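**Student:** One file is attached below, start25.cif, containing mmCIF, C-alpha atoms.
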data_query
#
loop_
_atom_site.group_PDB
_atom_site.id
_atom_site.type_symbol
_atom_site.label_atom_id
_atom_site.label_comp_id
_atom_site.auth_asym_id
_atom_site.auth_seq_id
_atom_site.Cartn_x
_atom_site.Cartn_y
_atom_site.Cartn_z
ATOM 1 C CA MET L 1 -13.084 0.865 21.742
ATOM 2 C CA ARG L 2 -13.852 -0.973 18.485
ATOM 3 C CA VAL L 3 -10.765 -2.562 16.938
ATOM 4 C CA GLY L 4 -10.663 -4.468 13.653
ATOM 5 C CA VAL L 5 -7.975 -7.086 12.951
ATOM 6 C CA PHE L 6 -7.057 -7.789 9.333
ATOM 7 C CA GLY L 7 -4.542 -10.396 8.237
ATOM 8 C CA ARG L 8 -3.675 -13.110 5.763
ATOM 9 C CA GLU L 9 -2.079 -16.555 5.714
ATOM 10 C CA CYS L 10 1.047 -16.876 7.847
ATOM 11 C CA LYS L 11 3.498 -19.520 8.990
ATOM 12 C CA PRO L 12 2.973 -21.496 12.220
ATOM 13 C CA ASP L 13 5.802 -19.663 13.989
ATOM 14 C CA LYS L 14 3.680 -16.479 13.860
ATOM 15 C CA LEU L 15 0.795 -18.004 15.835
ATOM 16 C CA PRO L 16 2.201 -16.990 19.280
ATOM 17 C CA VAL L 17 2.313 -13.380 18.048
ATOM 18 C CA VAL L 18 -1.307 -13.567 16.884
ATOM 19 C CA ARG L 19 -2.419 -15.167 20.169
ATOM 20 C CA GLY L 20 -0.591 -12.493 22.122
ATOM 21 C CA LEU L 21 -2.257 -9.743 20.084
ATOM 22 C CA PHE L 22 -5.800 -10.984 20.747
ATOM 23 C CA GLY L 23 -4.946 -11.641 24.388
ATOM 24 C CA LYS L 24 -3.728 -8.064 24.799
ATOM 25 C CA LEU L 25 -6.850 -6.667 23.137
ATOM 26 C CA ASN L 26 -9.030 -8.656 25.551
ATOM 27 C CA THR L 27 -6.982 -7.382 28.494
ATOM 28 C CA LEU L 28 -7.561 -3.820 27.314
ATOM 29 C CA GLY L 29 -11.301 -4.436 27.085
ATOM 30 C CA ALA L 30 -11.515 -3.803 23.350
ATOM 31 C CA GLU L 31 -14.560 -4.649 21.265
ATOM 32 C CA VAL L 32 -12.720 -6.811 18.748
ATOM 33 C CA TYR L 33 -13.740 -7.461 15.146
ATOM 34 C CA ILE L 34 -11.846 -9.797 12.812
ATOM 35 C CA GLN L 35 -11.900 -10.027 9.037
ATOM 36 C CA SER L 36 -13.885 -13.140 8.105
ATOM 37 C CA ASP L 37 -11.262 -14.619 5.756
ATOM 38 C CA TYR L 38 -8.580 -14.209 8.402
ATOM 39 C CA ALA L 39 -10.765 -15.870 11.035
ATOM 40 C CA VAL L 40 -11.368 -18.823 8.681
ATOM 41 C CA PHE L 41 -7.636 -19.195 8.051
ATOM 42 C CA LEU L 42 -6.748 -19.184 11.767
ATOM 43 C CA ARG L 43 -9.383 -21.822 12.487
ATOM 44 C CA ARG L 44 -8.469 -24.114 9.584
ATOM 45 C CA ALA L 45 -4.693 -23.788 9.739
ATOM 46 C CA PHE L 46 -4.144 -23.615 13.497
ATOM 47 C CA ASP L 47 -7.476 -24.631 15.053
ATOM 48 C CA TYR L 48 -7.411 -21.239 16.748
ATOM 49 C CA CYS L 49 -10.533 -19.167 17.387
ATOM 50 C CA PRO L 50 -9.881 -15.937 19.319
ATOM 51 C CA GLU L 51 -12.246 -15.329 22.226
ATOM 52 C CA ASN L 52 -14.847 -12.571 22.410
ATOM 53 C CA ILE L 53 -14.680 -11.521 18.772
ATOM 54 C CA ASN L 54 -17.117 -10.279 16.154
ATOM 55 C CA ILE L 55 -16.788 -11.174 12.478
ATOM 56 C CA ILE L 56 -16.496 -8.628 9.688
ATOM 57 C CA ASP L 57 -18.333 -10.466 6.930
ATOM 58 C CA ASP L 58 -19.544 -7.557 4.808
ATOM 59 C CA ARG L 59 -18.463 -4.058 3.867
ATOM 60 C CA ALA L 60 -20.699 -2.302 6.404
ATOM 61 C CA PHE L 61 -18.489 -1.881 9.463
ATOM 62 C CA ASP L 62 -17.326 0.945 11.666
ATOM 63 C CA LEU L 63 -14.134 0.892 13.754
ATOM 64 C CA ASP L 64 -12.070 3.242 15.885
ATOM 65 C CA PHE L 65 -8.943 1.825 14.297
ATOM 66 C CA ALA L 66 -7.781 -1.181 12.293
ATOM 67 C CA LEU L 67 -4.799 -3.466 12.874
ATOM 68 C CA SER L 68 -3.038 -4.954 9.867
ATOM 69 C CA VAL L 69 -1.129 -8.098 10.870
ATOM 70 C CA GLY L 70 1.457 -9.148 8.288
ATOM 71 C CA GLY L 71 3.714 -7.256 5.896
ATOM 72 C CA ASP L 72 3.246 -4.288 3.621
ATOM 73 C CA GLY L 73 1.155 -6.380 1.208
ATOM 74 C CA THR L 74 -1.300 -7.105 4.013
ATOM 75 C CA PHE L 75 -1.375 -3.404 4.874
ATOM 76 C CA LEU L 76 -2.271 -2.535 1.267
ATOM 77 C CA ARG L 77 -5.121 -5.058 1.354
ATOM 78 C CA THR L 78 -6.320 -3.656 4.676
ATOM 79 C CA ALA L 79 -6.296 -0.145 3.201
ATOM 80 C CA MET L 80 -8.465 -1.460 0.351
ATOM 81 C CA GLU L 81 -10.915 -3.030 2.825
ATOM 82 C CA VAL L 82 -11.074 0.117 4.957
ATOM 83 C CA ASN L 83 -11.536 2.102 1.739
ATOM 84 C CA LYS L 84 -13.108 5.541 2.322
ATOM 85 C CA ARG L 85 -14.216 5.018 5.926
ATOM 86 C CA ASN L 86 -11.605 7.343 7.443
ATOM 87 C CA ILE L 87 -10.458 4.558 9.813
ATOM 88 C CA PRO L 88 -6.785 4.848 10.843
ATOM 89 C CA ILE L 89 -4.632 1.737 10.358
ATOM 90 C CA LEU L 90 -1.740 0.427 12.438
ATOM 91 C CA GLY L 91 0.635 -1.954 10.686
ATOM 92 C CA ILE L 92 2.015 -4.809 12.812
ATOM 93 C CA ASN L 93 4.927 -6.454 11.039
ATOM 94 C CA THR L 94 5.080 -10.243 10.951
ATOM 95 C CA GLY L 95 6.596 -10.171 7.469
ATOM 96 C CA ARG L 96 9.986 -9.029 6.267
ATOM 97 C CA LEU L 97 10.884 -5.422 5.368
ATOM 98 C CA GLY L 98 7.837 -3.454 6.488
ATOM 99 C CA PHE L 99 7.683 0.259 5.679
ATOM 100 C CA LEU L 100 3.933 0.454 6.306
ATOM 101 C CA ALA L 101 3.787 -2.427 8.777
ATOM 102 C CA ASP L 102 6.597 -1.130 10.938
ATOM 103 C CA VAL L 103 5.560 -2.115 14.483
ATOM 104 C CA GLY L 104 7.590 -5.182 15.434
ATOM 105 C CA SER L 105 6.001 -8.200 17.105
ATOM 106 C CA ASN L 106 7.977 -7.412 20.270
ATOM 107 C CA GLN L 107 6.410 -3.934 20.384
ATOM 108 C CA ILE L 108 2.747 -4.930 20.271
ATOM 109 C CA ASP L 109 1.891 -4.603 23.966
ATOM 110 C CA GLU L 110 3.462 -1.186 24.489
ATOM 111 C CA THR L 111 2.073 0.118 21.185
ATOM 112 C CA LEU L 112 -1.491 -0.971 22.009
ATOM 113 C CA ASP L 113 -1.164 0.621 25.445
ATOM 114 C CA GLU L 114 -0.223 3.871 23.698
ATOM 115 C CA LEU L 115 -3.155 3.603 21.285
ATOM 116 C CA PHE L 116 -5.684 3.089 24.056
ATOM 117 C CA ARG L 117 -4.245 6.127 25.871
ATOM 118 C CA GLY L 118 -4.574 8.166 22.694
ATOM 119 C CA ASP L 119 -0.806 8.546 22.612
ATOM 120 C CA TYR L 120 -0.162 8.319 18.871
ATOM 121 C CA LYS L 121 -0.162 10.360 15.671
ATOM 122 C CA VAL L 122 -1.971 9.838 12.368
ATOM 123 C CA GLU L 123 -0.397 10.505 8.976
ATOM 124 C CA GLU L 124 -2.563 11.220 5.948
ATOM 125 C CA ARG L 125 -1.223 9.303 2.934
ATOM 126 C CA SER L 126 -2.200 10.243 -0.642
ATOM 127 C CA LEU L 127 -3.646 7.682 -3.054
ATOM 128 C CA LEU L 128 -3.745 7.488 -6.830
ATOM 129 C CA ARG L 129 -6.976 7.074 -8.789
ATOM 130 C CA MET L 130 -6.916 5.465 -12.218
ATOM 131 C CA THR L 131 -9.804 5.792 -14.648
ATOM 132 C CA ASP L 132 -10.481 4.521 -18.155
ATOM 133 C CA VAL L 133 -13.380 5.009 -20.516
ATOM 134 C CA GLU L 134 -15.241 1.861 -19.471
ATOM 135 C CA GLU L 135 -14.511 1.946 -15.712
ATOM 136 C CA ARG L 136 -14.629 -1.849 -15.792
ATOM 137 C CA ALA L 137 -11.611 -3.073 -13.859
ATOM 138 C CA PHE L 138 -10.513 -3.666 -10.255
ATOM 139 C CA ASP L 139 -13.994 -4.381 -8.873
ATOM 140 C CA GLY L 140 -14.764 -0.704 -8.586
ATOM 141 C CA PHE L 141 -11.790 0.030 -6.310
ATOM 142 C CA ASN L 142 -9.483 1.693 -8.808
ATOM 143 C CA TYR L 143 -7.182 3.282 -6.220
ATOM 144 C CA ALA L 144 -3.574 2.655 -5.210
ATOM 145 C CA LEU L 145 -1.703 3.630 -2.065
ATOM 146 C CA ASN L 146 1.731 2.663 -3.437
ATOM 147 C CA GLU L 147 1.700 2.826 -7.212
ATOM 148 C CA VAL L 148 0.040 2.389 -10.553
ATOM 149 C CA ALA L 149 2.261 0.330 -12.871
ATOM 150 C CA ILE L 150 1.778 0.084 -16.632
ATOM 151 C CA LEU L 151 3.614 -3.042 -17.802
ATOM 152 C CA LYS L 152 4.231 -5.192 -20.842
ATOM 153 C CA ARG L 153 2.654 -8.625 -21.072
ATOM 154 C CA ASP L 154 4.699 -11.832 -20.889
ATOM 155 C CA THR L 155 6.769 -11.122 -23.997
ATOM 156 C CA SER L 156 10.212 -9.768 -24.773
ATOM 157 C CA SER L 157 8.783 -6.813 -26.721
ATOM 158 C CA MET L 158 8.760 -3.462 -24.966
ATOM 159 C CA ILE L 159 5.774 -1.141 -24.861
ATOM 160 C CA THR L 160 5.554 2.557 -25.670
ATOM 161 C CA VAL L 161 3.756 4.720 -23.107
ATOM 162 C CA HIS L 162 2.796 8.128 -24.499
ATOM 163 C CA THR L 163 2.602 10.372 -21.431
ATOM 164 C CA TYR L 164 0.862 13.714 -20.940
ATOM 165 C CA LEU L 165 0.788 16.006 -17.890
ATOM 166 C CA ASN L 166 -2.321 18.195 -17.700
ATOM 167 C CA ASP L 167 -2.777 17.457 -21.444
ATOM 168 C CA ASP L 168 0.745 18.722 -22.255
ATOM 169 C CA TYR L 169 2.932 16.095 -23.922
ATOM 170 C CA LEU L 170 5.823 14.959 -21.695
ATOM 171 C CA THR L 171 7.469 12.051 -23.542
ATOM 172 C CA SER L 172 6.956 8.547 -24.901
ATOM 173 C CA TYR L 173 8.559 5.913 -22.692
ATOM 174 C CA VAL L 174 9.873 2.950 -24.698
ATOM 175 C CA ALA L 175 10.402 0.496 -21.866
ATOM 176 C CA ASP L 176 9.147 -2.573 -20.049
ATOM 177 C CA GLY L 177 6.743 -0.274 -18.255
ATOM 178 C CA LEU L 178 6.094 2.921 -16.330
ATOM 179 C CA ILE L 179 5.459 3.324 -12.582
ATOM 180 C CA ILE L 180 3.479 6.219 -11.143
ATOM 181 C CA ALA L 181 4.185 6.213 -7.402
ATOM 182 C CA THR L 182 2.952 8.123 -4.370
ATOM 183 C CA PRO L 183 5.338 9.258 -1.612
ATOM 184 C CA THR L 184 4.278 6.124 0.286
ATOM 185 C CA GLY L 185 5.113 4.007 -2.758
ATOM 186 C CA SER L 186 8.482 5.697 -3.274
ATOM 187 C CA THR L 187 10.075 2.983 -1.093
ATOM 188 C CA ALA L 188 8.335 0.163 -2.995
ATOM 189 C CA TYR L 189 8.402 -0.773 -6.696
ATOM 190 C CA SER L 190 9.592 2.690 -7.755
ATOM 191 C CA MET L 191 12.665 2.449 -5.518
ATOM 192 C CA SER L 192 13.588 -0.899 -7.091
ATOM 193 C CA VAL L 193 13.934 0.822 -10.493
ATOM 194 C CA ASN L 194 16.061 3.646 -9.025
ATOM 195 C CA GLY L 195 13.269 6.117 -8.357
ATOM 196 C CA PRO L 196 13.847 8.753 -5.639
ATOM 197 C CA ILE L 197 12.626 8.367 -2.059
ATOM 198 C CA LEU L 198 10.068 10.963 -0.975
ATOM 199 C CA LEU L 199 9.012 11.797 2.559
ATOM 200 C CA PRO L 200 5.394 10.816 3.273
ATOM 201 C CA GLN L 201 4.500 14.516 3.670
ATOM 202 C CA ASN L 202 5.611 15.387 0.126
ATOM 203 C CA ARG L 203 2.857 16.558 -2.193
ATOM 204 C CA ASN L 204 4.296 14.914 -5.273
ATOM 205 C CA PHE L 205 4.103 11.834 -7.450
ATOM 206 C CA ILE L 206 6.959 10.016 -9.207
ATOM 207 C CA LEU L 207 7.106 8.761 -12.787
ATOM 208 C CA SER L 208 9.713 5.979 -12.971
ATOM 209 C CA PRO L 209 10.322 4.030 -16.199
ATOM 210 C CA VAL L 210 11.004 0.298 -15.952
ATOM 211 C CA ALA L 211 14.075 -0.754 -17.997
ATOM 212 C CA PRO L 212 13.854 2.127 -20.513
ATOM 213 C CA HIS L 213 15.379 1.620 -23.945
ATOM 214 C CA THR L 214 17.230 4.952 -23.777
ATOM 215 C CA LEU L 215 19.533 5.590 -20.827
ATOM 216 C CA ASN L 216 18.875 9.341 -20.706
ATOM 217 C CA VAL L 217 15.266 8.803 -19.584
ATOM 218 C CA ARG L 218 15.200 9.363 -15.837
ATOM 219 C CA PRO L 219 12.525 9.361 -13.095
ATOM 220 C CA VAL L 220 10.530 12.593 -12.829
ATOM 221 C CA VAL L 221 8.891 14.131 -9.750
ATOM 222 C CA ILE L 222 5.679 16.070 -10.430
ATOM 223 C CA PRO L 223 3.119 17.954 -8.272
ATOM 224 C CA ASP L 224 0.365 15.668 -7.020
ATOM 225 C CA HIS L 225 -2.431 17.870 -8.380
ATOM 226 C CA TYR L 226 -1.417 17.083 -11.969
ATOM 227 C CA VAL L 227 -3.532 14.776 -14.125
ATOM 228 C CA ILE L 228 -1.481 12.125 -15.954
ATOM 229 C CA THR L 229 -2.830 10.766 -19.251
ATOM 230 C CA LEU L 230 -1.363 7.586 -20.748
ATOM 231 C CA ASN L 231 -1.809 5.992 -24.166
ATOM 232 C CA VAL L 232 0.000 2.687 -24.699
ATOM 233 C CA GLU L 233 1.310 1.010 -27.835
ATOM 234 C CA SER L 234 2.189 -2.696 -27.771
ATOM 235 C CA ARG L 235 2.967 -5.382 -30.337
ATOM 236 C CA THR L 236 0.772 -7.785 -28.398
ATOM 237 C CA HIS L 237 -2.200 -5.370 -28.722
ATOM 238 C CA SER L 238 -2.664 -5.318 -24.958
ATOM 239 C CA PHE L 239 -0.880 -4.342 -21.763
ATOM 240 C CA LEU L 240 -1.163 -4.733 -17.997
ATOM 241 C CA ALA L 241 -2.188 -2.083 -15.518
ATOM 242 C CA SER L 242 -1.420 -2.883 -11.885
ATOM 243 C CA LEU L 243 -2.740 -1.072 -8.818
ATOM 244 C CA ASP L 244 -0.738 -2.101 -5.745
ATOM 245 C CA GLY L 245 -0.224 -5.527 -7.332
ATOM 246 C CA ARG L 246 -3.824 -6.017 -8.518
ATOM 247 C CA SER L 247 -3.528 -6.432 -12.294
ATOM 248 C CA ALA L 248 -5.916 -6.195 -15.215
ATOM 249 C CA ASP L 249 -5.524 -6.494 -18.995
ATOM 250 C CA PHE L 250 -6.309 -3.512 -21.194
ATOM 251 C CA PRO L 251 -6.432 -3.354 -24.999
ATOM 252 C CA VAL L 252 -4.153 -1.000 -26.894
ATOM 253 C CA GLY L 253 -5.972 2.260 -27.503
ATOM 254 C CA THR L 254 -7.329 2.491 -23.966
ATOM 255 C CA VAL L 255 -6.663 5.968 -22.581
ATOM 256 C CA LEU L 256 -5.857 5.932 -18.861
ATOM 257 C CA LYS L 257 -6.069 8.955 -16.611
ATOM 258 C CA ILE L 258 -4.312 8.970 -13.254
ATOM 259 C CA SER L 259 -4.856 11.616 -10.596
ATOM 260 C CA LYS L 260 -4.845 12.141 -6.856
ATOM 261 C CA ALA L 261 -7.733 10.444 -5.083
ATOM 262 C CA GLY L 262 -10.318 12.511 -3.254
ATOM 263 C CA PHE L 263 -9.593 10.759 0.045
ATOM 264 C CA SER L 264 -6.510 9.547 1.890
ATOM 265 C CA THR L 265 -5.377 6.512 3.877
ATOM 266 C CA ARG L 266 -4.819 7.296 7.559
ATOM 267 C CA VAL L 267 -1.722 5.570 8.961
ATOM 268 C CA ILE L 268 -1.098 5.318 12.714
ATOM 269 C CA LYS L 269 2.457 6.043 13.883
ATOM 270 C CA ARG L 270 4.013 6.024 17.316
ATOM 271 C CA PHE L 271 5.315 9.348 18.582
ATOM 272 C CA ASN L 272 8.850 8.000 18.947
ATOM 273 C CA GLN L 273 8.830 6.646 15.392
ATOM 274 C CA THR L 274 10.084 8.697 12.435
ATOM 275 C CA PHE L 275 10.437 8.013 8.721
ATOM 276 C CA TYR L 276 14.169 8.664 8.977
ATOM 277 C CA GLN L 277 14.464 5.990 11.650
ATOM 278 C CA THR L 278 12.568 3.568 9.390
ATOM 279 C CA LEU L 279 14.959 4.301 6.514
ATOM 280 C CA ARG L 280 17.985 3.669 8.717
ATOM 281 C CA GLU L 281 16.602 0.426 10.105
ATOM 282 C CA LYS L 282 14.963 -1.039 6.980
ATOM 283 C CA LEU L 283 17.531 0.079 4.394
ATOM 284 C CA MET L 284 20.505 0.046 6.787
ATOM 285 C CA TRP L 285 21.464 3.609 5.890
ATOM 286 C CA GLY L 286 24.803 4.554 7.417
ATOM 287 C CA THR L 287 25.657 0.944 8.222
ATOM 288 C CA ASP L 288 29.258 -0.007 7.480
ATOM 289 C CA VAL L 289 29.015 -3.572 6.134
ATOM 290 C CA ARG L 290 32.774 -3.971 6.672
ATOM 291 C CA SER L 291 32.404 -3.864 10.452
#
Render the structure in this file as structure tokens.
**Tutor:**
Amino acid sequence: MRVGVFGRECKPDKLPVVRGLFGKLNTLGAEVYIQSDYAVFLRRAFDYCPENINIIDDRAFDLDFALSVGGDGTFLRTAMEVNKRNIPILGINTGRLGFLADVGSNQIDETLDELFRGDYKVEERSLLRMTDVEERAFDGFNYALNEVAILKRDTSSMITVHTYLNDDYLTSYVADGLIIATPTGSTAYSMSVNGPILLPQNRNFILSPVAPHTLNVRPVVIPDHYVITLNVESRTHSFLASLDGRSADFPVGTVLKISKAGFSTRVIKRFNQTFYQTLREKLMWGTDVRS
């Protein structure tokens, strides 16, 4: 079985987890591939070179599944690397919160045993696609698993985001920005600005304003087959567009269109793992802090 390992810089106390992961993969007889940048980091930072590995040093690779070792940010980068290859991804959490990377470091052995037995499920997660007239930004990967965020530049002046749904005018958000989130991204940036939480199976997107000037402007949930058109006004004559944290400058007058991508990200989940359980554990739902 061909397994790809994707990761990023980590602290020294995570090295035993990484060593244990590669050791377990060797025990299972996996054909192991490692992202080249991650392999370079492990060698330079820890003088560690996993045994019996192949290097992923270009974009032409094929895997049975990918392992993302880190937090949710690492998972988003892994999803970008995997791109449209239909490779399912398992998130191993060596970070903090971890909604996407939700397999704990103490669960690696049993989870990999389950994967190699075929004892797992795969969830299809929707992505957003953002286009502009020039198609110049984001190195050709203009997709987001969590959210597209339209934001003001480093100034105190708000921006105005004229918003249309299927060419019908919705409203003009006068705010620090506007977040368009997927169900996966409903527990990320959108949640931090009081957007609703959606189950991963929902076929919807969320429009959540960031610090709106008028208090009666609330988040809106829309069907995911809608096309969202945005036209931004700004006193600085430019604004930021961010796709899962990857930002680019755009001049005022740029018309952005956001729609559902034509492919999905495949996320591996254990059978005994549910989204409700993740909410209870990560957000401490139902926990009485007085006890």
**Student:** Taking into account only C-alpha atoms, which residue in the set L:Gly262, L:Gly104, L:Gly118, L:Gly7 is nearest to Val40 in chain L?
**Tutor:**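 The shortest atom-to-atom distance to Val40 in chain L comes from L:Gly7.
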**Student:** Please enumerate the residues selected by the PyMOL selection byres ((chain L and resi 59) around 10) when evaluated against the supplied file, formatted as a ChimeraX atom specification.
**Tutor:** /L:56-58,60-62,81-83
**Student:** Take the point (-4.6, 10.2, -6.9) as written in the file and pick out every residue within 7 Å of it, counting all atoms listed in the file; give the list as a compact mmCIF listing (two decimals) with C-alpha atoms, in the coordinates of the input.
**Tutor:**
# COMPACT_ATOMS: atom_id res chain seq x y z
CA SER L 126 -2.20 10.24 -0.64
CA LEU L 127 -3.65 7.68 -3.05
CA LEU L 128 -3.74 7.49 -6.83
CA ARG L 129 -6.98 7.07 -8.79
CA ILE L 258 -4.31 8.97 -13.25
CA SER L 259 -4.86 11.62 -10.60
CA LYS L 260 -4.84 12.14 -6.86
CA ALA L 261 -7.73 10.44 -5.08
**Student:** With all atoms listed in the file as the atoms that count, which of L:Pro50, L:Gly286, L:Gly140, L:Pro183 lies nearest to Leu198 in chain L?
**Tutor:**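 With all atoms listed in the file as the atom set, the closest residue is L:Pro183.
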**Student:** Nearest to Asn231 in chain L among L:Leu76, L:Ile108, L:Ala144, L:Leu178, with distances taken over only C-alpha atoms: which residue is it?
**Tutor:** L:Leu178
**Student:** Would you work out the distance separating CA of Leu151 in chain L from CA of Arg246 in chain L, expressed in Å to one decimal?
**Tutor:**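 Computing the Euclidean distance for CA of Leu151 in chain L and CA of Arg246 in chain L yields 12.3 Å.
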**Student:** Taking into account all atoms listed in the file, which residue in the set L:Lys121, L:Ala211, L:Leu67, L:Val220 is nearest to Ser156 in chain L?
**Tutor:**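 Between L:Lys121, L:Ala211, L:Leu67, L:Val220, the residue approaching Ser156 in chain L most closely is L:Ala211.
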**Student:** I'd like to see the residues matched by the PyMOL selection byres ((chain L and resi 266) around 9) on this file, and ideally I'd get them as a ChimeraX atom specification.
**Tutor:** /L:79,86-90,122-125,264-265,267-268
